[in-house]
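Colleague: Contents of final36.txt (compact mmCIF, C-alpha atoms):
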```txt
# COMPACT_ATOMS: atom_id res chain seq x y z
CA MET A 161 13.15 -16.22 47.27
CA LYS A 162 10.03 -15.65 49.39
CA PRO A 163 8.73 -18.57 51.56
CA LYS A 164 5.37 -18.49 49.72
CA SER A 165 7.19 -18.74 46.42
CA VAL A 166 9.25 -21.73 47.59
CA ILE A 167 6.10 -23.53 48.78
CA GLN A 168 4.31 -22.79 45.49
CA ARG A 169 7.22 -24.15 43.48
CA LEU A 170 7.45 -27.26 45.63
CA LEU A 171 3.70 -27.89 45.38
CA ARG A 172 3.82 -27.50 41.61
CA TYR A 173 6.87 -29.77 41.42
CA PHE A 174 5.22 -32.56 43.42
CA ARG A 175 1.94 -32.16 41.51
CA SER A 176 3.71 -32.47 38.18
CA ARG A 177 5.80 -35.40 39.47
CA SER A 178 2.60 -37.24 40.31
CA ARG A 179 1.62 -37.02 36.63
CA GLU A 180 3.51 -38.17 33.60
CA GLU A 181 2.58 -35.07 31.61
CA VAL A 182 3.20 -31.37 31.96
CA ARG A 183 -0.27 -29.82 32.33
CA ILE A 184 -0.72 -26.67 30.24
CA GLY A 185 -3.89 -24.56 30.36
CA ILE A 186 -4.92 -22.57 27.30
CA TYR A 187 -6.32 -19.31 28.67
CA GLY A 188 -7.77 -16.11 27.30
CA ALA A 189 -10.92 -14.09 26.74
CA PRO A 190 -13.79 -15.58 24.69
CA ASN A 191 -13.30 -15.71 20.89
CA VAL A 192 -9.53 -15.22 20.85
CA GLY A 193 -8.98 -18.61 19.20
CA LYS A 194 -8.21 -20.90 22.13
CA THR A 195 -9.99 -23.94 20.72
CA THR A 196 -8.62 -23.27 17.22
CA LEU A 197 -5.15 -23.29 18.78
CA ALA A 198 -5.90 -26.45 20.78
CA ASN A 199 -7.21 -28.17 17.65
CA ARG A 200 -4.12 -27.10 15.70
CA ILE A 201 -1.84 -28.59 18.39
CA ALA A 202 -3.91 -31.78 18.38
CA GLU A 203 -3.80 -32.02 14.60
CA ASP A 204 -0.04 -31.40 14.44
CA TRP A 205 0.73 -34.10 17.02
CA GLY A 206 -1.85 -36.76 16.23
CA ALA A 207 -4.27 -36.20 19.10
CA GLU A 208 -8.05 -36.09 19.03
CA ARG A 209 -9.62 -32.69 18.24
CA PHE A 210 -10.65 -30.62 21.26
CA GLY A 211 -13.95 -29.31 20.00
CA GLU A 212 -15.91 -27.15 17.63
CA VAL A 213 -15.19 -23.48 17.09
CA SER A 214 -17.88 -20.87 16.65
CA GLU A 215 -18.28 -17.14 16.16
CA ILE A 216 -20.74 -17.18 19.07
CA PRO A 217 -18.82 -16.32 22.25
CA HIS A 218 -18.41 -18.99 24.95
CA GLU A 219 -18.53 -21.96 22.58
CA THR A 220 -16.21 -23.82 24.98
CA ARG A 221 -18.05 -23.99 28.29
CA CYS A 222 -16.25 -26.95 29.89
CA SER A 223 -12.54 -27.67 29.98
CA VAL A 224 -11.39 -30.29 27.49
CA ARG A 225 -8.14 -32.22 27.99
CA ARG A 226 -5.96 -34.11 25.55
CA ARG A 227 -2.60 -35.80 25.89
CA VAL A 228 -0.12 -34.55 23.33
CA ARG A 229 3.47 -35.69 22.81
CA ILE A 230 5.66 -33.02 21.22
CA GLU A 231 8.90 -34.22 19.67
CA LEU A 232 11.44 -31.66 18.52
CA GLY A 233 14.91 -32.91 17.68
CA SER A 234 16.13 -34.88 20.68
CA SER A 235 13.39 -33.44 22.96
CA ARG A 236 10.27 -35.43 23.63
CA VAL A 237 7.75 -33.93 26.04
CA ASP A 238 4.38 -35.28 27.09
CA PHE A 239 1.84 -32.54 27.70
CA GLU A 240 -1.69 -32.61 28.97
CA ILE A 241 -3.25 -29.68 27.14
CA VAL A 242 -6.37 -28.20 28.75
CA ASP A 243 -8.57 -26.02 26.55
CA THR A 244 -10.36 -23.83 29.10
CA PRO A 245 -13.54 -21.75 28.71
CA GLY A 246 -13.00 -18.07 27.92
CA VAL A 247 -12.52 -15.80 30.92
CA ALA A 248 -14.93 -12.87 31.09
CA THR A 249 -16.19 -10.45 33.73
CA LYS A 250 -19.75 -10.40 32.36
CA VAL A 251 -22.11 -12.72 30.50
CA ASP A 252 -25.38 -11.36 29.15
CA TYR A 253 -27.64 -13.85 27.38
CA ARG A 254 -29.12 -11.02 25.26
CA LYS A 255 -25.78 -10.74 23.42
CA PHE A 256 -26.26 -14.31 22.14
CA LEU A 257 -29.65 -13.56 20.59
CA LYS A 258 -28.08 -11.68 17.68
CA TYR A 259 -26.39 -14.93 16.62
CA GLY A 260 -29.77 -16.54 16.07
CA LEU A 261 -30.14 -18.40 19.37
CA ASP A 262 -33.61 -18.36 20.89
CA VAL A 263 -34.11 -17.00 24.41
CA ARG A 264 -34.06 -20.42 26.07
CA GLU A 265 -30.86 -21.45 24.28
CA ALA A 266 -29.24 -18.09 25.00
CA LYS A 267 -30.04 -18.27 28.72
CA GLN A 268 -28.77 -21.82 28.93
CA ARG A 269 -25.56 -20.82 27.15
CA ALA A 270 -25.11 -17.89 29.57
CA LYS A 271 -25.54 -20.15 32.61
CA GLU A 272 -23.06 -22.67 31.26
CA ALA A 273 -20.64 -19.88 30.31
CA THR A 274 -20.53 -18.48 33.85
CA ARG A 275 -19.84 -21.95 35.24
CA GLY A 276 -17.11 -22.32 32.62
CA VAL A 277 -15.37 -19.12 33.73
CA VAL A 278 -15.39 -20.35 37.34
CA GLU A 279 -13.97 -23.69 36.25
CA ALA A 280 -11.22 -21.99 34.21
CA ILE A 281 -10.20 -19.79 37.14
CA ARG A 282 -10.15 -22.74 39.55
CA MET A 283 -7.97 -24.64 37.10
CA LEU A 284 -5.31 -21.93 37.44
CA LYS A 285 -4.28 -23.53 40.73
CA ASN A 286 -3.75 -26.89 39.07
CA ILE A 287 -1.63 -26.26 36.01
CA ASP A 288 2.12 -26.37 35.41
CA GLY A 289 2.07 -23.68 32.74
CA ALA A 290 -0.23 -21.65 30.52
CA LEU A 291 -0.65 -20.37 27.00
CA VAL A 292 -2.32 -16.97 27.25
CA VAL A 293 -4.01 -16.43 23.90
CA ILE A 294 -4.56 -12.85 22.75
CA ASP A 295 -6.43 -11.72 19.65
CA SER A 296 -3.89 -9.64 17.68
CA THR A 297 -6.66 -7.70 15.97
CA LYS A 298 -7.76 -6.11 19.25
CA ASP A 299 -6.28 -3.96 22.01
CA PRO A 300 -4.23 -6.41 24.09
CA LEU A 301 -4.42 -4.38 27.29
CA THR A 302 -7.80 -5.63 28.44
CA GLN A 303 -8.45 -6.20 32.10
CA VAL A 304 -8.93 -9.94 31.51
CA ASN A 305 -5.49 -10.24 29.85
CA VAL A 306 -3.76 -8.11 32.46
CA THR A 307 -5.45 -9.94 35.36
CA LEU A 308 -4.66 -13.38 33.94
CA ILE A 309 -1.02 -12.53 33.31
CA GLY A 310 -0.71 -10.82 36.68
CA ASN A 311 -2.19 -13.87 38.39
CA LEU A 312 0.15 -16.30 36.60
CA GLU A 313 3.13 -14.11 37.36
CA ALA A 314 2.18 -13.66 41.02
CA ASN A 315 1.85 -17.42 41.41
CA GLU A 316 5.07 -18.06 39.46
CA ILE A 317 3.36 -20.22 36.87
CA PRO A 318 5.36 -20.14 33.63
CA PHE A 319 3.40 -18.91 30.62
CA ILE A 320 3.73 -17.93 26.99
CA VAL A 321 1.75 -15.07 25.47
CA VAL A 322 0.33 -16.28 22.15
CA ALA A 323 -0.52 -13.42 19.79
CA ASN A 324 -3.07 -15.18 17.60
CA LYS A 325 -4.90 -14.38 14.34
CA ILE A 326 -1.84 -12.91 12.62
CA ASP A 327 -3.28 -14.06 9.29
CA LEU A 328 -5.92 -11.34 9.48
CA LYS A 329 -5.33 -8.05 7.67
CA GLU A 330 -6.18 -5.99 10.73
CA ALA A 331 -3.83 -7.93 13.04
CA ASP A 332 -1.22 -5.90 14.91
CA PRO A 333 0.89 -8.42 16.82
CA SER A 334 3.46 -5.71 17.54
CA ALA A 335 0.91 -4.15 19.91
CA VAL A 336 0.88 -7.43 21.87
CA GLU A 337 4.70 -7.43 21.87
CA ASP A 338 4.79 -3.84 23.09
CA ALA A 339 2.24 -4.48 25.82
CA PHE A 340 3.81 -7.68 27.15
CA SER A 341 7.43 -7.26 26.10
CA ASP A 342 8.79 -8.68 29.34
CA TYR A 343 7.26 -12.12 28.72
CA PRO A 344 7.83 -14.88 26.16
CA ILE A 345 5.65 -14.12 23.14
CA VAL A 346 4.97 -16.13 20.00
CA LYS A 347 2.98 -14.70 17.10
CA VAL A 348 0.89 -17.34 15.36
CA SER A 349 -2.10 -18.05 13.24
CA ALA A 350 -3.74 -21.10 14.79
CA LYS A 351 -6.09 -21.13 11.81
CA THR A 352 -3.39 -21.39 9.11
CA GLY A 353 -0.66 -22.95 11.24
CA GLU A 354 1.78 -20.07 10.65
CA ASN A 355 4.63 -20.00 13.20
CA MET A 356 3.31 -23.01 15.14
CA GLU A 357 6.81 -24.49 15.06
CA ASP A 358 8.01 -21.46 17.05
CA LEU A 359 5.28 -22.08 19.60
CA TYR A 360 6.26 -25.72 20.05
CA LYS A 361 9.90 -24.73 20.55
CA ALA A 362 8.82 -22.15 23.13
CA MET A 363 6.63 -24.71 24.93
CA VAL A 364 9.50 -27.18 25.22
CA ARG A 365 11.84 -24.39 26.36
CA GLU A 366 9.53 -22.62 28.84
CA PHE A 367 7.65 -25.55 30.34
CA THR A 368 10.34 -28.12 30.83
CA SER A 369 13.15 -26.10 32.40
CA MET B 270 -29.74 14.96 33.04
CA THR B 271 -32.41 12.29 32.90
CA GLY B 272 -32.65 8.63 33.71
CA GLU B 273 -31.98 6.38 36.64
CA GLU B 274 -29.65 7.50 39.42
CA ILE B 275 -26.38 5.66 39.70
CA LYS B 276 -24.60 5.58 43.02
CA VAL B 277 -20.81 6.00 43.04
CA GLU B 278 -18.87 4.98 46.12
CA VAL B 279 -15.26 5.98 46.64
CA MET B 280 -13.21 3.65 48.80
CA ALA B 281 -10.07 5.00 50.45
CA LYS B 282 -7.00 2.80 50.56
CA SER B 283 -7.01 2.99 54.34
CA ALA B 284 -10.52 1.47 54.40
CA LEU B 285 -9.38 -1.40 52.17
CA GLU B 286 -6.43 -2.12 54.43
CA GLY B 287 -8.80 -2.80 57.28
CA MET B 288 -10.80 -5.38 55.33
CA SER B 289 -10.09 -9.06 54.76
CA ARG B 290 -9.95 -10.41 51.23
CA THR B 291 -13.35 -12.06 51.60
CA GLU B 292 -14.84 -8.82 52.93
CA ILE B 293 -13.56 -6.90 49.91
CA VAL B 294 -14.97 -9.49 47.48
CA ASP B 295 -18.32 -9.53 49.31
CA TYR B 296 -18.41 -5.75 49.30
CA VAL B 297 -17.74 -5.53 45.55
CA ILE B 298 -20.39 -8.12 44.70
CA GLU B 299 -22.99 -6.57 46.98
CA LYS B 300 -22.45 -3.09 45.56
CA ALA B 301 -22.33 -4.25 41.94
CA LYS B 302 -25.56 -6.22 42.37
CA ASP B 303 -27.05 -3.10 43.89
CA GLY B 304 -26.10 -1.16 40.73
CA ALA B 305 -23.38 0.96 42.36
CA VAL B 306 -20.04 1.95 40.87
CA ILE B 307 -17.08 1.61 43.22
CA VAL B 308 -13.93 3.67 42.83
CA PHE B 309 -11.01 2.24 44.77
CA GLU B 310 -8.02 4.35 45.62
CA GLY B 311 -5.06 2.30 44.43
CA GLN B 312 -4.92 -0.97 42.55
CA LEU B 313 -6.24 -4.35 43.56
CA ASN B 314 -3.72 -7.16 43.19
CA PRO B 315 -4.25 -9.76 40.41
CA ASP B 316 -5.12 -12.55 42.86
CA LEU B 317 -7.88 -10.42 44.38
CA LEU B 318 -9.16 -9.34 40.96
CA THR B 319 -9.24 -12.99 39.87
CA GLU B 320 -11.24 -13.87 42.98
CA ILE B 321 -13.64 -11.00 42.27
CA ILE B 322 -14.17 -12.28 38.71
CA GLN B 323 -14.75 -15.83 39.99
CA ARG B 324 -17.28 -14.71 42.61
CA THR B 325 -18.98 -12.46 40.06
CA MET B 326 -19.49 -15.41 37.73
CA GLU B 327 -20.86 -17.47 40.62
CA GLU B 328 -23.36 -14.70 41.35
CA VAL B 329 -24.48 -13.96 37.78
CA ASP B 330 -28.11 -14.70 37.14
CA VAL B 331 -29.22 -14.37 33.58
CA GLU B 332 -31.95 -11.80 34.23
CA GLU B 333 -30.80 -9.31 36.86
CA PHE B 334 -27.04 -9.37 37.33
CA THR B 335 -24.90 -10.01 34.27
CA GLY B 336 -21.51 -9.22 35.75
CA ILE B 337 -19.08 -6.37 36.13
CA ASP B 338 -16.64 -4.17 34.26
CA ILE B 339 -13.23 -3.49 35.75
CA TYR B 340 -11.05 -0.55 34.80
CA VAL B 341 -7.63 0.19 36.21
CA VAL B 342 -6.51 3.77 35.80
CA PRO B 343 -2.73 4.05 36.00
CA PRO B 344 -1.34 6.83 38.21
CA LYS B 345 -0.69 9.40 35.49
CA ALA B 346 -1.93 9.61 31.91
CA LYS B 347 1.61 10.40 30.78
CA ALA B 348 2.58 6.89 31.89
CA GLN B 349 1.13 5.69 28.59
CA ARG B 350 4.23 6.89 26.83
CA SER B 351 5.69 3.53 27.78
CA ARG B 352 3.49 0.45 27.31
CA ARG B 353 5.82 -1.60 29.47
CA SER B 354 5.51 0.89 32.22
CA LEU B 355 1.74 0.89 31.75
CA VAL B 356 1.56 -2.89 32.20
CA ASP B 357 3.67 -2.56 35.35
CA LYS B 358 1.20 -0.05 36.63
CA LEU B 359 -1.86 -2.07 35.61
CA LEU B 360 -0.41 -5.02 37.49
CA GLY B 361 0.07 -2.85 40.53
CA ARG B 362 3.82 -3.22 40.55
CA ARG B 363 4.49 0.44 41.12
CA SER B 364 4.24 2.32 44.31
CA GLU B 365 2.13 5.11 42.81
CA GLU B 366 -1.57 4.81 43.52
CA GLY B 367 -3.81 4.99 40.48
CA VAL B 368 -7.46 4.08 40.71
CA THR B 369 -9.54 0.92 40.17
CA VAL B 370 -13.14 1.29 39.04
CA ILE B 371 -15.57 -1.61 39.27
CA SER B 372 -19.04 -1.12 37.88
CA PRO B 373 -22.01 -3.30 37.10
CA ALA B 374 -21.76 -4.58 33.50
CA ASP B 375 -22.31 -1.96 30.79
CA VAL B 376 -23.02 0.90 33.21
CA LEU B 377 -19.74 2.72 32.73
CA LYS B 378 -19.93 4.12 29.20
CA ASP B 379 -16.67 6.01 29.12
CA LEU B 380 -13.72 6.74 31.31
CA LYS B 381 -11.36 9.60 30.52
CA LYS B 382 -8.04 10.00 32.21
CA GLY B 383 -6.59 13.43 32.78
CA GLU B 384 -3.31 14.34 34.41
CA ASP B 385 -4.89 14.84 37.81
CA PHE B 386 -8.47 13.65 37.38
CA ILE B 387 -10.67 10.99 35.83
CA THR B 388 -14.10 11.48 34.30
CA LEU B 389 -16.65 8.69 34.44
CA LYS B 390 -19.57 8.73 32.02
CA LEU B 391 -22.30 6.52 33.42
CA GLY B 392 -25.59 5.47 31.95
```
Have the structure of the file written as structure tokens, please.

Modeller:
Amino acid sequence: MKPKSVIQRLLRYFRSRSREEVRIGIYGAPNVGKTTLANRIAEDWGAERFGEVSEIPHETRCSVRRRVRIELGSSRVDFEIVDTPGVATKVDYRKFLKYGLDVREAKQRAKEATRGVVEAIRMLKNIDGALVVIDSTKDPLTQVNVTLIGNLEANEIPFIVVANKIDLKEADPSAVEDAFSDYPIVKVSAKTGENMEDLYKAMVREFTS
Amino acid sequence: MTGEEIKVEVMAKSALEGMSRTEIVDYVIEKAKDGAVIVFEGQLNPDLLTEIIQRTMEEVDVEEFTGIDIYVVPPKAKAQRSRRSLVDKLLGRRSEEGVTVISPADVLKDLKKGEDFITLKLG
């Protein structure tokens, strides 16, 4: 094991020991269903909702945290789930105008969105694990997905790839499996709750070992 | 051909090796804000790409600079026969070189990969 890797693991161990919960960041591009997933987890385990969802990109512009206790069989794990703003390489306020926002609202949303991306990236250094949410109706090999997964892997942060939106007719979760076959993957519909049990099992398995 | 000129800069791997991480990030941001497309020989590691995205977002102003597009071209088009192998290559885990293209947002309209060449359509 490389010295950097040992130090990273030790730092993460002591950070997590200083908290009672395992801190999990929900990451992904805008509009992949991160907040829908966070809300589903909250609903399933009796926590407060994370926030509103919207078809307008960058609805979540600040991280939102909730404590969630997941109990499966004899396992009981306390998580701090962090719903992070969508990661993007560009934010153009003009794209928001087509959703009916006026120019002032659109510019304000763009400013807040860029700050949100910075916050999400900074948070990467302060999590114990991540759920990388990917929209199964789209090409999974985007630069944001590849960069996020590469960053988590390089920093030895455990993560689960969540192929979301499998309830949609055009979904192709097998494309996500093919693209990221070397990593733990769970195919879900955060909207309908399909396969959420599999995700909870994977979270307990991947984030507590 | 009509329209505004777009500058394309090609950066050799040897030039990158002589730069610090901060210098590379500064260089990318400066060029992107200036409207230039940068073609890097080789692949930038995920940590560096993440830092570039973070700095880009810190520099975005809603009127003039809206961000960047990043494209990683794996070494050979035939690599796409295996998606796993493609991810390896996109993550820079292979020794072969490939190319990384960073452009100002929405400037690069199309990128075609051939066996021994890439074609960039800018506009």

Colleague: Counting all atoms listed in the file, collect the residues of chain B whose closest atom lies at most 7 Å from chain A, and write them out as a PyMOL selection string.

Modeller: chain B and resi 315-316+318-319+322-323+326-327+331+335-340+352-353+356+360+374

Colleague: Could you please determine the separation between atom CA of Leu291 of chain A and atom CA of Ile320 of chain A in Å, to one decimal place?

Modeller: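 It comes out at 5.0 Å.
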
Colleague: Using atom CA of Arg200 of chain A and atom CA of Ala350 of chain A as the two end points, give the distance in Å to one decimal.

Modeller: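 Atom CA of Ala350 of chain A lies at a distance of 6.1 Å from atom CA of Arg200 of chain A.
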
Colleague: Just want the 8 Å neighbourhood of Lys276 of chain B, counted on all atoms listed in the file, with same-chain residues fewer than 3 positions away dropped. Output as a PDB file with C-alpha atoms, in the frame of the given file.

Modeller:
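Below is the file result.pdb, written as the result:
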```
ATOM      1  CA  GLY B 304     -26.100  -1.160  40.730  1.00  0.00           C
ATOM      2  CA  ALA B 305     -23.380   0.960  42.360  1.00  0.00           C
ATOM      3  CA  VAL B 306     -20.040   1.950  40.870  1.00  0.00           C
TER       4      VAL B 306
END
```

Colleague: Grab the atom CA of Ile298 of chain B to atom CA of Pro373 of chain B distance for me, in Å with one decimal place.

Modeller: 9.1 Å
